[in-house]
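Step one of this worksheet: look at the structure below.
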Protein chains: 2
Amino acid sequence: MKEIPKSHPRYESLMTRKKISDAMKKGFVHETGLIAHGRGEAFDYLIGEKTTAFADEAERVSAAALLCAEKPVISVNGNVVALVSKECVSLSKIIPARIEVNLFHRTEKRIKKLMKELEKDGAKNVLGLKGNTNIPSLDHNRSLCDHEGIFSADVVLVPLEDGDRCQALKNMGKTVIAIDLNPLSRTARSASITIVDNVIRALLGIEKWARLLKNEKKDDLRRLVESWDNKKMLGDVCGFISKKLNSLF
Amino acid sequence: MKEIPKSHPRYESLMTRKKISDAMKKGFVHETGLIAHGRGEAFDYLIGEKTTAFADEAERVSAAALLCAEKPVISVNGNVVALVSKECVSLSKIIPARIEVNLFHRTEKRIKKLMKELEKDGAKNVLGLKGNTNIPSLDHNRSLCDHEGIFSADVVLVPLEDGDRCQALKNMGKTVIAIDLNPLSRTARSASITIVDNVIRALLGIEKWARLLKNEKKDDLRRLVESWDNKKMLGDVCGFISKKLNSLF
C-alpha cells in the first residue's frame with residue numbers, strides 16, 4: 001500500500017478499498033464485487049459512516065431472529081469473506097448458525113477458495129459446494145443452493161445480496177435479514193429485516209446484540225421480531241439522509 | 001455477457017458494469033476505478049439516472065468556459081476512456097481542446113494503452129506521457145503532468161477526478177470543470193463548475209451545448225461563466241435528492 005500517501009484525507013476508506021481489490025486478485029471477489037463495494041461506500045458516506053440508531057435497532061432485531069430460528073443460515077459471498085470472514089465465523093458460533101457460500105457469479109473454484117478462507121478463520125462444515133437444489137423462480141446458475149443449508153433454513157442472514165435472490169428467498173416464506181447500505185435497493189425493500197449499515201459494523205453489531213439477548217426467553221425474542229416494521233425503518237433512514245443533505249449547503 | 005439474464009431488472013446497469021470490468025481486464029482501468037464506478041452508480045440512482053435541469057445548466061456553462069478558453073485541456077483517466085473515449089475525442093475537436101491522459105495510479109504502460117485507444121477513436125497528439133512538470137502541493141507520482149497540457153491550461157475539464165488533485169488545479173488559478181455524481185465530494189466542492197451527472201450523459205450534454213454556443217460572442221460566453229454559482233447549484237442538487245428520498249416511503 002506504498003502508493004497511497006498517509007496524508008490523503010480518505011486514507012482509511014482507501015485502505016478498505018485495497019482489501020477488496022486484493023481479494024479480487026486472490027480470486028475471492030468477482031470484479032463486479034468491487035463496483036458493489038463502491039455503491040456501498042457512497043451510501044455509507046450519506047449516513048455518516050457510523051451505525052445509525054435505526055441500524056442498531058435492526059441489528060438487535062436481527063440477533064433476536066437468528067437466536068429464535070430453528071435452522072439459521074448465514075449466506076456469504078466474496079465481498080463478505082473479504083471484509084468480515086472472522087466476524088461471520090464468530091457470529092455463527094454464538095447463534096449457532098451454519099454458514100453457506102452462495103455466489104451471484106457462481107464457480108466451484110471460487111466457492112472452494114472462500115470455504116478454505118472461512119475454515120482458516122475457524123468455520124466448520126461450511127456449506128455451498130453441493131448446490132443440490134434450487135431456489136424457485138431464479139435463473140439456473142443463480143438458483144443453486146444446498147438443501148440442508150439455505151433451502152431448508154427458516155432464517156437467512158444475507159449480507160450484500162442481489163435483489164432478485166433476496167425476493168426469491170422471501171417468497172419461500174423465510175425470514176430474510178439483509179445488510180444493505182442502500183435503503184432504496186430491491187434487496188433493502190424485499191428483506192424482512194434490513195440493516196442499513198456497513199457490513200463491517202453490522203456483523204459486529206449483530207454479535208453484540210446476540211451476546212446480550214442469548215439468555216432471553218424465546219417468546220420475548222419472537223415478539224421483538226414480530227413487532228419490527230421494516231418499511232417504517234427504511235422511511236426513517238431516508239428521512240435521516242434527506243435531512244443531512246439539506247443541512248450541508 | 002451470457003451470464004447476466006436479460007430478465008434481470010437492472011440489465012442495462014449491469015451491462016455498463018461489464019464495460020468497466022472488461023476495461024480493467026484490458027489494463028485500461030485500475031481496480032479502484034471499479035469501486036469509483038460503483039460510487040457513481042449509487043449517486044446516479046439517487047438523481048434518477050437522468051440529466052437534471054441543474055446538470056444541463058452546468059453542461060451549458062462548461063461548454064461556454066471551454067469555448068472561451070485560451071488553452072483548454074480535457075484530462076482523461078481509465079474510466080473516462082472506458083466509457084466515453086469517442087465522446088471526449090469528438091468534444092476535443094469541436095472546442096478545440098487538447099486531451100491529456102492523467103492517472104491517479106500512474107504507470108507509463110497504462111498511459112500508453114489509453115493514448116492508443118483514444119487515437120483509435122480519432123484523437124491526435126494526445127498528451128500525458130511526458131510528465132515533465134508537477135502540480136504544486138501533491139505527492140510526487142500524483143503531481144506529474146505535461147507542461148504544454150494541464151500545467152499551462154487555463155480551463156481543464158476533469159471528468160472523474162480525485163478531490164486533492166481537483167483542489168490543487170484550482171489553487172493554480174485554473175477554471176476546473178469536474179464531472180462528479182457525488183454533490184458532496186471534495187471534487188464537487190472544489191471545482192469551479194461541477195456537473196453532477198453520469199459521465200456518459202455529461203459529455204454528450206457539453207457537446208450539445210458547445211455546438212449551440214460555438215458562434216456566440218466570447219464576451220457573452222464569459223459573462224455566462226462569471227455568473228455561475230457552483231455552491232448554489234450543489235445545494236439545489238442536494239435539495240432535489242433530499243426531496244426525492246422523502247417522497248419514497
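Going through the C-alpha cells in order, the chains are called A, B, and so on, while each chain numbers its residues from 1 and the ligands are numbered from 1 in the order shown.
Residues from chain A found within 6 Å of chain B are Leu34, Ile35, Ala36, Gly38, Arg39, Ala42, Gly235, Cys238, Gly239, Ser242, Leu245, Asn246 and Phe249 of chain A, counting only C-alpha atoms.
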Spatial neighbours of Asp44 of chain B, max dist 8 Å, only C-alpha atoms, sep filter under 5 positions, as a PyMOL selection string: chain B and resi 49-50+181+197-198
Atoms kept (all heavy atoms) for selection, written as an mmCIF file, in the first residue's frame:
data_model
loop_
_atom_site.group_PDB
_atom_site.id
_atom_site.type_symbol
_atom_site.label_atom_id
_atom_site.label_comp_id
_atom_site.auth_asym_id
_atom_site.auth_seq_id
_atom_site.Cartn_x
_atom_site.Cartn_y
_atom_site.Cartn_z
ATOM 1 N N GLU B 49 -31.081 8.684 -12.487
ATOM 2 C CA GLU B 49 -30.433 8.183 -13.716
ATOM 3 C C GLU B 49 -30.826 8.988 -14.960
ATOM 4 O O GLU B 49 -30.947 8.443 -16.059
ATOM 5 C CB GLU B 49 -30.697 6.667 -13.894
ATOM 6 C CG GLU B 49 -30.024 5.855 -12.783
ATOM 7 C CD GLU B 49 -30.325 4.364 -12.781
ATOM 8 O OE1 GLU B 49 -31.444 3.992 -13.167
ATOM 9 O OE2 GLU B 49 -29.450 3.581 -12.380
ATOM 10 N N LYS B 50 -31.054 10.276 -14.736
ATOM 11 C CA LYS B 50 -31.350 11.209 -15.844
ATOM 12 C C LYS B 50 -30.596 12.505 -15.590
ATOM 13 O O LYS B 50 -30.331 12.858 -14.445
ATOM 14 C CB LYS B 50 -32.846 11.540 -15.847
ATOM 15 C CG LYS B 50 -33.692 10.593 -16.674
ATOM 16 C CD LYS B 50 -35.129 11.086 -16.675
ATOM 17 C CE LYS B 50 -36.075 9.930 -16.429
ATOM 18 N NZ LYS B 50 -37.379 10.316 -15.942
ATOM 19 N N LEU B 181 -20.767 12.606 -9.837
ATOM 20 C CA LEU B 181 -22.155 12.339 -9.431
ATOM 21 C C LEU B 181 -22.401 12.582 -7.950
ATOM 22 O O LEU B 181 -23.548 12.702 -7.523
ATOM 23 C CB LEU B 181 -22.537 10.898 -9.804
ATOM 24 C CG LEU B 181 -22.974 10.728 -11.259
ATOM 25 C CD1 LEU B 181 -22.801 9.287 -11.725
ATOM 26 C CD2 LEU B 181 -24.432 11.147 -11.433
ATOM 27 N N ASP B 197 -23.621 14.655 -12.939
ATOM 28 C CA ASP B 197 -24.291 13.852 -13.967
ATOM 29 C C ASP B 197 -23.404 12.649 -14.290
ATOM 30 O O ASP B 197 -22.188 12.686 -14.061
ATOM 31 C CB ASP B 197 -24.486 14.707 -15.232
ATOM 32 C CG ASP B 197 -25.618 14.193 -16.122
ATOM 33 O OD1 ASP B 197 -26.266 13.190 -15.767
ATOM 34 O OD2 ASP B 197 -25.862 14.817 -17.184
ATOM 35 N N ASN B 198 -24.003 11.630 -14.834
ATOM 36 C CA ASN B 198 -23.258 10.474 -15.327
ATOM 37 C C ASN B 198 -22.330 10.951 -16.445
ATOM 38 O O ASN B 198 -22.739 11.726 -17.308
ATOM 39 C CB ASN B 198 -24.272 9.454 -15.861
ATOM 40 C CG ASN B 198 -23.629 8.161 -16.285
ATOM 41 O OD1 ASN B 198 -22.674 8.162 -17.061
ATOM 42 N ND2 ASN B 198 -24.154 7.070 -15.780
#
Pick out each residue of segment 1-248 of chain A that DSSP on the backbone tags as alpha helix (DSSP H); I need them as a PyMOL selection string. chain A and resi 11-25+31-47+53-68+78-94+108-120+140-143+163-171+186-190+199-213+218-226+230-246
Quick one: residues within 12 Å of Ile193 of chain A, only C-alpha atoms counted, chain neighbours fewer than 4 positions away excluded, as a compact mmCIF listing (two decimals) with all heavy atoms, in the first residue's frame?
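Dumped everything to around19.txt:
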# COMPACT_ATOMS: atom_id res chain seq x y z
N PHE A 54 -31.18 3.63 13.80
CA PHE A 54 -32.08 2.72 13.05
C PHE A 54 -31.37 1.39 12.77
O PHE A 54 -31.98 0.33 12.86
CB PHE A 54 -32.51 3.36 11.73
CG PHE A 54 -32.94 4.79 11.87
CD1 PHE A 54 -32.18 5.83 11.34
CD2 PHE A 54 -34.11 5.11 12.56
CE1 PHE A 54 -32.57 7.15 11.48
CE2 PHE A 54 -34.51 6.43 12.71
CZ PHE A 54 -33.73 7.45 12.17
N ALA A 55 -30.09 1.48 12.41
CA ALA A 55 -29.33 0.27 12.11
C ALA A 55 -29.08 -0.52 13.39
O ALA A 55 -29.18 -1.75 13.39
CB ALA A 55 -28.01 0.64 11.43
N ASP A 56 -28.79 0.17 14.46
CA ASP A 56 -28.54 -0.51 15.74
C ASP A 56 -29.78 -1.32 16.14
O ASP A 56 -29.67 -2.47 16.56
CB ASP A 56 -28.20 0.53 16.82
CG ASP A 56 -27.79 -0.12 18.13
OD1 ASP A 56 -26.91 -1.01 18.10
OD2 ASP A 56 -28.35 0.24 19.18
N GLU A 57 -30.94 -0.72 15.97
CA GLU A 57 -32.19 -1.41 16.30
C GLU A 57 -32.41 -2.61 15.36
O GLU A 57 -32.81 -3.68 15.81
CB GLU A 57 -33.36 -0.42 16.21
CG GLU A 57 -34.72 -0.95 16.62
CD GLU A 57 -34.80 -1.46 18.06
OE1 GLU A 57 -33.90 -1.17 18.86
OE2 GLU A 57 -35.78 -2.19 18.36
N ALA A 58 -32.12 -2.44 14.09
CA ALA A 58 -32.25 -3.55 13.13
C ALA A 58 -31.28 -4.68 13.48
O ALA A 58 -31.61 -5.86 13.32
CB ALA A 58 -31.99 -3.05 11.71
N GLU A 59 -30.11 -4.31 13.97
CA GLU A 59 -29.13 -5.33 14.37
C GLU A 59 -29.63 -6.09 15.60
O GLU A 59 -29.45 -7.31 15.71
CB GLU A 59 -27.76 -4.67 14.62
CG GLU A 59 -27.08 -4.29 13.29
CD GLU A 59 -26.06 -3.16 13.36
OE1 GLU A 59 -25.58 -2.82 14.47
OE2 GLU A 59 -25.75 -2.58 12.29
N ARG A 60 -30.31 -5.38 16.50
CA ARG A 60 -30.88 -6.03 17.69
C ARG A 60 -31.96 -7.02 17.29
O ARG A 60 -31.96 -8.18 17.74
CB ARG A 60 -31.48 -4.94 18.61
CG ARG A 60 -31.97 -5.48 19.95
CD ARG A 60 -32.23 -4.33 20.92
NE ARG A 60 -33.53 -3.73 20.72
CZ ARG A 60 -34.59 -3.91 21.53
NH1 ARG A 60 -34.48 -4.69 22.59
NH2 ARG A 60 -35.73 -3.31 21.28
N VAL A 61 -32.87 -6.59 16.40
CA VAL A 61 -33.98 -7.46 15.97
C VAL A 61 -33.44 -8.65 15.16
O VAL A 61 -33.93 -9.77 15.28
CB VAL A 61 -35.01 -6.64 15.17
CG1 VAL A 61 -36.13 -7.52 14.64
CG2 VAL A 61 -35.59 -5.52 16.04
N SER A 62 -32.39 -8.40 14.38
CA SER A 62 -31.78 -9.48 13.60
C SER A 62 -31.16 -10.54 14.51
O SER A 62 -31.31 -11.74 14.27
CB SER A 62 -30.69 -8.93 12.68
OG SER A 62 -31.24 -8.02 11.76
N ALA A 63 -30.50 -10.08 15.55
CA ALA A 63 -29.91 -11.02 16.52
C ALA A 63 -31.03 -11.86 17.14
O ALA A 63 -30.90 -13.09 17.25
CB ALA A 63 -29.15 -10.26 17.60
N ALA A 64 -32.13 -11.21 17.48
CA ALA A 64 -33.27 -11.93 18.07
C ALA A 64 -33.81 -12.97 17.08
O ALA A 64 -34.06 -14.12 17.46
CB ALA A 64 -34.37 -10.93 18.44
N ALA A 65 -33.96 -12.59 15.82
CA ALA A 65 -34.49 -13.52 14.80
C ALA A 65 -33.57 -14.73 14.64
O ALA A 65 -34.03 -15.87 14.53
CB ALA A 65 -34.66 -12.79 13.47
N LEU A 66 -32.27 -14.47 14.62
CA LEU A 66 -31.31 -15.58 14.46
C LEU A 66 -31.34 -16.51 15.68
O LEU A 66 -31.29 -17.73 15.55
CB LEU A 66 -29.90 -15.02 14.25
CG LEU A 66 -29.63 -14.39 12.87
CD1 LEU A 66 -28.37 -13.53 12.89
CD2 LEU A 66 -29.53 -15.46 11.78
N VAL A 155 -34.50 -18.90 8.87
CA VAL A 155 -33.98 -17.52 8.93
C VAL A 155 -32.64 -17.50 8.20
O VAL A 155 -31.75 -18.31 8.48
CB VAL A 155 -33.78 -17.06 10.40
CG1 VAL A 155 -33.18 -15.65 10.44
CG2 VAL A 155 -35.10 -17.09 11.17
N VAL A 156 -32.53 -16.59 7.23
CA VAL A 156 -31.26 -16.48 6.48
C VAL A 156 -30.72 -15.05 6.60
O VAL A 156 -31.44 -14.09 6.34
CB VAL A 156 -31.45 -16.78 4.96
CG1 VAL A 156 -30.09 -16.96 4.29
CG2 VAL A 156 -32.29 -18.02 4.75
N LEU A 157 -29.48 -14.95 7.02
CA LEU A 157 -28.79 -13.65 7.03
C LEU A 157 -28.02 -13.55 5.71
O LEU A 157 -27.15 -14.37 5.43
CB LEU A 157 -27.82 -13.57 8.22
CG LEU A 157 -26.83 -12.37 8.24
CD1 LEU A 157 -27.57 -11.03 8.29
CD2 LEU A 157 -25.87 -12.49 9.41
N VAL A 158 -28.42 -12.58 4.87
CA VAL A 158 -27.73 -12.40 3.59
C VAL A 158 -27.05 -11.04 3.55
O VAL A 158 -27.63 -10.06 3.11
CB VAL A 158 -28.71 -12.55 2.38
CG1 VAL A 158 -29.04 -14.01 2.13
CG2 VAL A 158 -29.98 -11.75 2.56
N PRO A 159 -25.80 -10.96 4.00
CA PRO A 159 -25.11 -9.68 3.86
C PRO A 159 -24.83 -9.47 2.38
O PRO A 159 -24.36 -10.40 1.72
CB PRO A 159 -23.80 -9.87 4.65
CG PRO A 159 -23.94 -11.18 5.37
CD PRO A 159 -24.92 -11.99 4.60
N CYS A 166 -32.88 -12.06 -3.00
CA CYS A 166 -33.47 -11.71 -1.70
C CYS A 166 -34.99 -11.91 -1.78
O CYS A 166 -35.60 -12.53 -0.90
CB CYS A 166 -33.12 -10.27 -1.37
SG CYS A 166 -33.67 -9.76 0.26
N LYS A 170 -37.47 -14.63 0.19
CA LYS A 170 -38.65 -14.14 0.92
C LYS A 170 -39.90 -14.87 0.44
O LYS A 170 -40.73 -15.28 1.26
CB LYS A 170 -38.77 -12.63 0.67
CG LYS A 170 -39.79 -11.92 1.52
CD LYS A 170 -39.29 -11.64 2.92
CE LYS A 170 -40.42 -11.07 3.77
NZ LYS A 170 -41.00 -9.84 3.17
N LYS A 174 -39.24 -17.50 4.04
CA LYS A 174 -38.19 -17.36 5.06
C LYS A 174 -38.16 -15.95 5.65
O LYS A 174 -38.61 -14.99 5.02
CB LYS A 174 -36.82 -17.62 4.41
CG LYS A 174 -36.69 -19.00 3.79
CD LYS A 174 -35.33 -19.19 3.17
CE LYS A 174 -35.28 -20.44 2.30
NZ LYS A 174 -35.70 -21.68 2.98
N THR A 175 -37.61 -15.86 6.85
CA THR A 175 -37.26 -14.55 7.40
C THR A 175 -35.89 -14.20 6.83
O THR A 175 -34.91 -14.90 7.08
CB THR A 175 -37.19 -14.61 8.94
OG1 THR A 175 -38.49 -14.95 9.44
CG2 THR A 175 -36.76 -13.26 9.53
N VAL A 176 -35.86 -13.13 6.02
CA VAL A 176 -34.60 -12.76 5.36
C VAL A 176 -34.04 -11.49 6.01
O VAL A 176 -34.71 -10.45 6.04
CB VAL A 176 -34.80 -12.54 3.85
CG1 VAL A 176 -33.46 -12.20 3.18
CG2 VAL A 176 -35.42 -13.77 3.20
N ILE A 177 -32.83 -11.60 6.52
CA ILE A 177 -32.13 -10.44 7.10
C ILE A 177 -31.08 -9.99 6.09
O ILE A 177 -30.17 -10.76 5.78
CB ILE A 177 -31.43 -10.80 8.43
CG1 ILE A 177 -32.43 -11.40 9.43
CG2 ILE A 177 -30.72 -9.57 9.02
CD1 ILE A 177 -31.76 -12.12 10.61
N ALA A 178 -31.23 -8.78 5.57
CA ALA A 178 -30.25 -8.28 4.60
C ALA A 178 -29.43 -7.17 5.21
O ALA A 178 -29.93 -6.40 6.05
CB ALA A 178 -30.96 -7.76 3.35
N ILE A 179 -28.16 -7.09 4.82
CA ILE A 179 -27.33 -5.93 5.16
C ILE A 179 -27.10 -5.19 3.86
O ILE A 179 -26.53 -5.74 2.92
CB ILE A 179 -25.99 -6.37 5.80
CG1 ILE A 179 -26.26 -7.22 7.04
CG2 ILE A 179 -25.13 -5.16 6.14
CD1 ILE A 179 -25.00 -7.83 7.67
N ASP A 180 -27.60 -3.97 3.79
CA ASP A 180 -27.51 -3.22 2.53
C ASP A 180 -27.50 -1.73 2.84
O ASP A 180 -28.43 -1.22 3.46
CB ASP A 180 -28.71 -3.57 1.64
CG ASP A 180 -28.51 -3.11 0.19
OD1 ASP A 180 -27.85 -2.07 -0.03
OD2 ASP A 180 -29.02 -3.79 -0.71
N PRO A 183 -30.84 2.12 1.17
CA PRO A 183 -32.19 1.87 1.70
C PRO A 183 -33.25 1.78 0.61
O PRO A 183 -34.38 1.39 0.88
CB PRO A 183 -32.44 3.10 2.60
CG PRO A 183 -31.58 4.18 2.03
CD PRO A 183 -30.36 3.49 1.47
N THR A 187 -33.15 -5.19 -2.70
CA THR A 187 -32.79 -6.04 -1.56
C THR A 187 -33.33 -5.43 -0.26
O THR A 187 -34.00 -6.11 0.52
CB THR A 187 -31.24 -6.17 -1.47
OG1 THR A 187 -30.77 -6.76 -2.67
CG2 THR A 187 -30.84 -7.02 -0.29
N ALA A 188 -33.05 -4.15 -0.06
CA ALA A 188 -33.50 -3.48 1.17
C ALA A 188 -35.01 -3.53 1.31
O ALA A 188 -35.55 -3.74 2.40
CB ALA A 188 -33.01 -2.03 1.18
N ARG A 189 -35.71 -3.37 0.19
CA ARG A 189 -37.17 -3.31 0.23
C ARG A 189 -37.81 -4.69 0.37
O ARG A 189 -38.94 -4.80 0.83
CB ARG A 189 -37.71 -2.67 -1.05
CG ARG A 189 -37.48 -1.16 -1.12
CD ARG A 189 -37.63 -0.71 -2.56
NE ARG A 189 -37.42 0.72 -2.73
CZ ARG A 189 -38.40 1.61 -2.89
NH1 ARG A 189 -39.66 1.24 -2.88
NH2 ARG A 189 -38.12 2.88 -3.06
N LEU A 224 -40.31 -9.46 19.76
CA LEU A 224 -39.46 -8.37 19.26
C LEU A 224 -39.41 -8.42 17.72
O LEU A 224 -39.59 -7.41 17.04
CB LEU A 224 -38.06 -8.52 19.86
CG LEU A 224 -37.01 -7.46 19.48
CD1 LEU A 224 -37.44 -6.08 19.93
CD2 LEU A 224 -35.65 -7.81 20.11
N VAL A 225 -39.21 -9.62 17.19
CA VAL A 225 -39.11 -9.78 15.73
C VAL A 225 -40.45 -9.44 15.07
O VAL A 225 -40.50 -8.73 14.05
CB VAL A 225 -38.67 -11.22 15.35
CG1 VAL A 225 -38.67 -11.41 13.84
CG2 VAL A 225 -37.28 -11.51 15.94
N GLU A 226 -41.54 -9.92 15.68
CA GLU A 226 -42.87 -9.68 15.09
C GLU A 226 -43.25 -8.20 15.08
O GLU A 226 -44.01 -7.75 14.24
CB GLU A 226 -43.94 -10.50 15.83
CG GLU A 226 -43.98 -11.95 15.31
CD GLU A 226 -44.58 -12.92 16.32
OE1 GLU A 226 -45.32 -12.47 17.23
OE2 GLU A 226 -44.29 -14.13 16.20
N SER A 227 -42.71 -7.45 16.03
CA SER A 227 -43.09 -6.02 16.13
C SER A 227 -42.30 -5.16 15.13
O SER A 227 -42.55 -3.96 15.01
CB SER A 227 -42.84 -5.52 17.55
OG SER A 227 -41.45 -5.44 17.79
N TRP A 228 -41.34 -5.75 14.44
CA TRP A 228 -40.46 -4.96 13.55
C TRP A 228 -41.19 -4.46 12.31
O TRP A 228 -41.84 -5.24 11.61
CB TRP A 228 -39.26 -5.82 13.14
CG TRP A 228 -38.31 -5.13 12.18
CD1 TRP A 228 -38.13 -5.40 10.87
CD2 TRP A 228 -37.43 -4.04 12.48
NE1 TRP A 228 -37.18 -4.57 10.33
CE2 TRP A 228 -36.74 -3.72 11.31
CE3 TRP A 228 -37.17 -3.31 13.66
CZ2 TRP A 228 -35.79 -2.70 11.25
CZ3 TRP A 228 -36.22 -2.29 13.60
CH2 TRP A 228 -35.55 -2.00 12.41
N ASP A 229 -41.10 -3.18 12.04
CA ASP A 229 -41.73 -2.59 10.85
C ASP A 229 -40.60 -2.14 9.91
O ASP A 229 -40.06 -1.04 10.05
CB ASP A 229 -42.61 -1.41 11.27
CG ASP A 229 -43.40 -0.82 10.11
OD1 ASP A 229 -43.02 -1.07 8.94
OD2 ASP A 229 -44.38 -0.11 10.38
N ASN A 230 -40.27 -3.00 8.95
CA ASN A 230 -39.12 -2.73 8.09
C ASN A 230 -39.34 -1.50 7.19
O ASN A 230 -38.44 -0.70 6.99
CB ASN A 230 -38.79 -3.95 7.21
CG ASN A 230 -37.33 -3.99 6.80
OD1 ASN A 230 -36.44 -3.91 7.64
ND2 ASN A 230 -37.08 -4.06 5.50
N LYS A 231 -40.56 -1.36 6.69
CA LYS A 231 -40.85 -0.24 5.80
C LYS A 231 -40.71 1.10 6.54
O LYS A 231 -40.16 2.05 6.00
CB LYS A 231 -42.27 -0.39 5.24
CG LYS A 231 -42.46 0.36 3.95
CD LYS A 231 -43.82 0.16 3.34
CE LYS A 231 -44.07 1.25 2.31
NZ LYS A 231 -45.44 1.24 1.80
N LYS A 232 -41.20 1.11 7.77
CA LYS A 232 -41.09 2.34 8.56
C LYS A 232 -39.62 2.71 8.77
O LYS A 232 -39.21 3.87 8.60
CB LYS A 232 -41.79 2.18 9.91
CG LYS A 232 -41.79 3.47 10.72
CD LYS A 232 -42.34 3.33 12.12
CE LYS A 232 -42.16 4.62 12.90
NZ LYS A 232 -40.77 5.10 12.99
N MET A 233 -38.80 1.70 9.10
CA MET A 233 -37.38 1.96 9.33
C MET A 233 -36.72 2.50 8.07
O MET A 233 -35.94 3.46 8.13
CB MET A 233 -36.70 0.67 9.80
CG MET A 233 -35.19 0.76 10.01
SD MET A 233 -34.21 0.63 8.49
CE MET A 233 -34.73 -0.95 7.87
N LEU A 234 -37.06 1.92 6.88
CA LEU A 234 -36.46 2.41 5.63
C LEU A 234 -36.84 3.87 5.38
O LEU A 234 -36.01 4.68 4.96
CB LEU A 234 -36.87 1.53 4.45
CG LEU A 234 -36.29 0.10 4.44
CD1 LEU A 234 -36.91 -0.72 3.30
CD2 LEU A 234 -34.77 0.11 4.31
Residue list (strand (DSSP E or B), DSSP) for segment 20-151 of chain B, as a list in words: Pro72, Val73, Ile74, Ser75, Val76, Arg98, Ile99, Glu100, Val101, Leu127, Thr133, Asn134, Leu144 and Cys145 of chain B
Given the selection you just returned, output its residues as a file containing N, CA, C and O atoms, formatted as a compact mmCIF listing (two decimals), in the first residue's frame.
# COMPACT_ATOMS: atom_id res chain seq x y z
N PRO B 72 -7.65 25.23 -23.49
CA PRO B 72 -8.49 24.24 -22.80
C PRO B 72 -7.91 22.83 -22.94
O PRO B 72 -7.41 22.46 -23.99
N VAL B 73 -7.98 22.07 -21.84
CA VAL B 73 -7.49 20.69 -21.86
C VAL B 73 -8.55 19.77 -21.25
O VAL B 73 -9.18 20.11 -20.25
N ILE B 74 -8.75 18.61 -21.90
CA ILE B 74 -9.62 17.57 -21.34
C ILE B 74 -8.70 16.52 -20.73
O ILE B 74 -7.91 15.90 -21.44
N SER B 75 -8.79 16.35 -19.41
CA SER B 75 -7.95 15.39 -18.71
C SER B 75 -8.70 14.07 -18.59
O SER B 75 -9.81 14.04 -18.06
N VAL B 76 -8.13 12.97 -19.06
CA VAL B 76 -8.87 11.70 -19.03
C VAL B 76 -8.12 10.63 -18.24
O VAL B 76 -6.89 10.61 -18.21
N ARG B 98 -7.03 20.19 -26.26
CA ARG B 98 -6.09 19.07 -26.21
C ARG B 98 -6.63 18.02 -25.24
O ARG B 98 -7.40 18.36 -24.32
N ILE B 99 -6.22 16.79 -25.43
CA ILE B 99 -6.55 15.72 -24.48
C ILE B 99 -5.27 15.28 -23.79
O ILE B 99 -4.24 15.10 -24.44
N GLU B 100 -5.33 15.16 -22.45
CA GLU B 100 -4.17 14.65 -21.71
C GLU B 100 -4.59 13.47 -20.84
O GLU B 100 -5.58 13.56 -20.11
N VAL B 101 -3.87 12.37 -20.96
CA VAL B 101 -4.11 11.23 -20.07
C VAL B 101 -3.43 11.55 -18.74
O VAL B 101 -2.24 11.88 -18.71
N LEU B 127 -1.66 14.11 -25.09
CA LEU B 127 -0.60 14.41 -24.12
C LEU B 127 -0.65 13.43 -22.94
O LEU B 127 -1.59 12.65 -22.82
N THR B 133 6.46 18.04 -15.66
CA THR B 133 6.37 19.08 -14.62
C THR B 133 5.39 18.61 -13.54
O THR B 133 4.80 17.53 -13.65
N ASN B 134 5.25 19.42 -12.49
CA ASN B 134 4.44 18.99 -11.34
C ASN B 134 3.36 19.99 -10.97
O ASN B 134 3.59 21.20 -11.01
N LEU B 144 2.50 14.64 -11.41
CA LEU B 144 3.08 14.71 -12.75
C LEU B 144 2.04 15.08 -13.82
O LEU B 144 0.93 14.54 -13.83
N CYS B 145 2.40 16.01 -14.66
CA CYS B 145 1.56 16.32 -15.82
C CYS B 145 2.44 16.94 -16.90
O CYS B 145 3.63 17.16 -16.68
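Residues in contact with Gly122 of chain A at 12 Å, where only C-alpha atoms are counted and same-chain residues fewer than 2 positions away are skipped, are listed as Ser85, Lys86, Glu87, Cys88, Val89, Ser90, Leu91, Ser92, Lys93, Ile99, Met115, Lys116, Glu117, Leu118, Glu119, Lys120, Lys124, Asn125 and Val126 of chain A.
Taking atom CA of Lys19 of chain A and atom CA of Asn79 of chain A as endpoints, the distance between them is 9.6 Å.
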Hey, what's within 8 Å of Arg165 of chain A if we count only C-alpha atoms and toss same-chain stuff fewer than 3 positions away? As an mmCIF file with N, CA and C atoms, in the first residue's frame, please?
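File written: selection-v4.cif
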data_model
loop_
_atom_site.group_PDB
_atom_site.id
_atom_site.type_symbol
_atom_site.label_atom_id
_atom_site.label_comp_id
_atom_site.auth_asym_id
_atom_site.auth_seq_id
_atom_site.Cartn_x
_atom_site.Cartn_y
_atom_site.Cartn_z
ATOM 1 N N LEU A 138 -35.683 -18.434 -9.998
ATOM 2 C CA LEU A 138 -34.434 -17.766 -10.395
ATOM 3 C C LEU A 138 -33.819 -18.514 -11.568
ATOM 4 N N ARG A 142 -28.043 -18.985 -10.721
ATOM 5 C CA ARG A 142 -28.223 -18.163 -9.523
ATOM 6 C C ARG A 142 -29.122 -18.824 -8.491
ATOM 7 N N SER A 143 -29.759 -19.915 -8.899
ATOM 8 C CA SER A 143 -30.761 -20.521 -8.014
ATOM 9 C C SER A 143 -30.167 -21.628 -7.155
ATOM 10 N N GLU A 161 -26.698 -9.000 -0.606
ATOM 11 C CA GLU A 161 -27.366 -9.904 -1.538
ATOM 12 C C GLU A 161 -28.004 -9.151 -2.710
ATOM 13 N N ASP A 162 -28.112 -9.829 -3.827
ATOM 14 C CA ASP A 162 -28.802 -9.327 -5.007
ATOM 15 C C ASP A 162 -30.316 -9.250 -4.732
ATOM 16 N N ALA A 168 -36.650 -13.797 -3.871
ATOM 17 C CA ALA A 168 -36.965 -15.223 -4.058
ATOM 18 C C ALA A 168 -36.923 -15.978 -2.724
ATOM 19 N N LEU A 169 -35.972 -15.633 -1.880
ATOM 20 C CA LEU A 169 -35.882 -16.280 -0.563
ATOM 21 C C LEU A 169 -37.086 -15.898 0.296
#
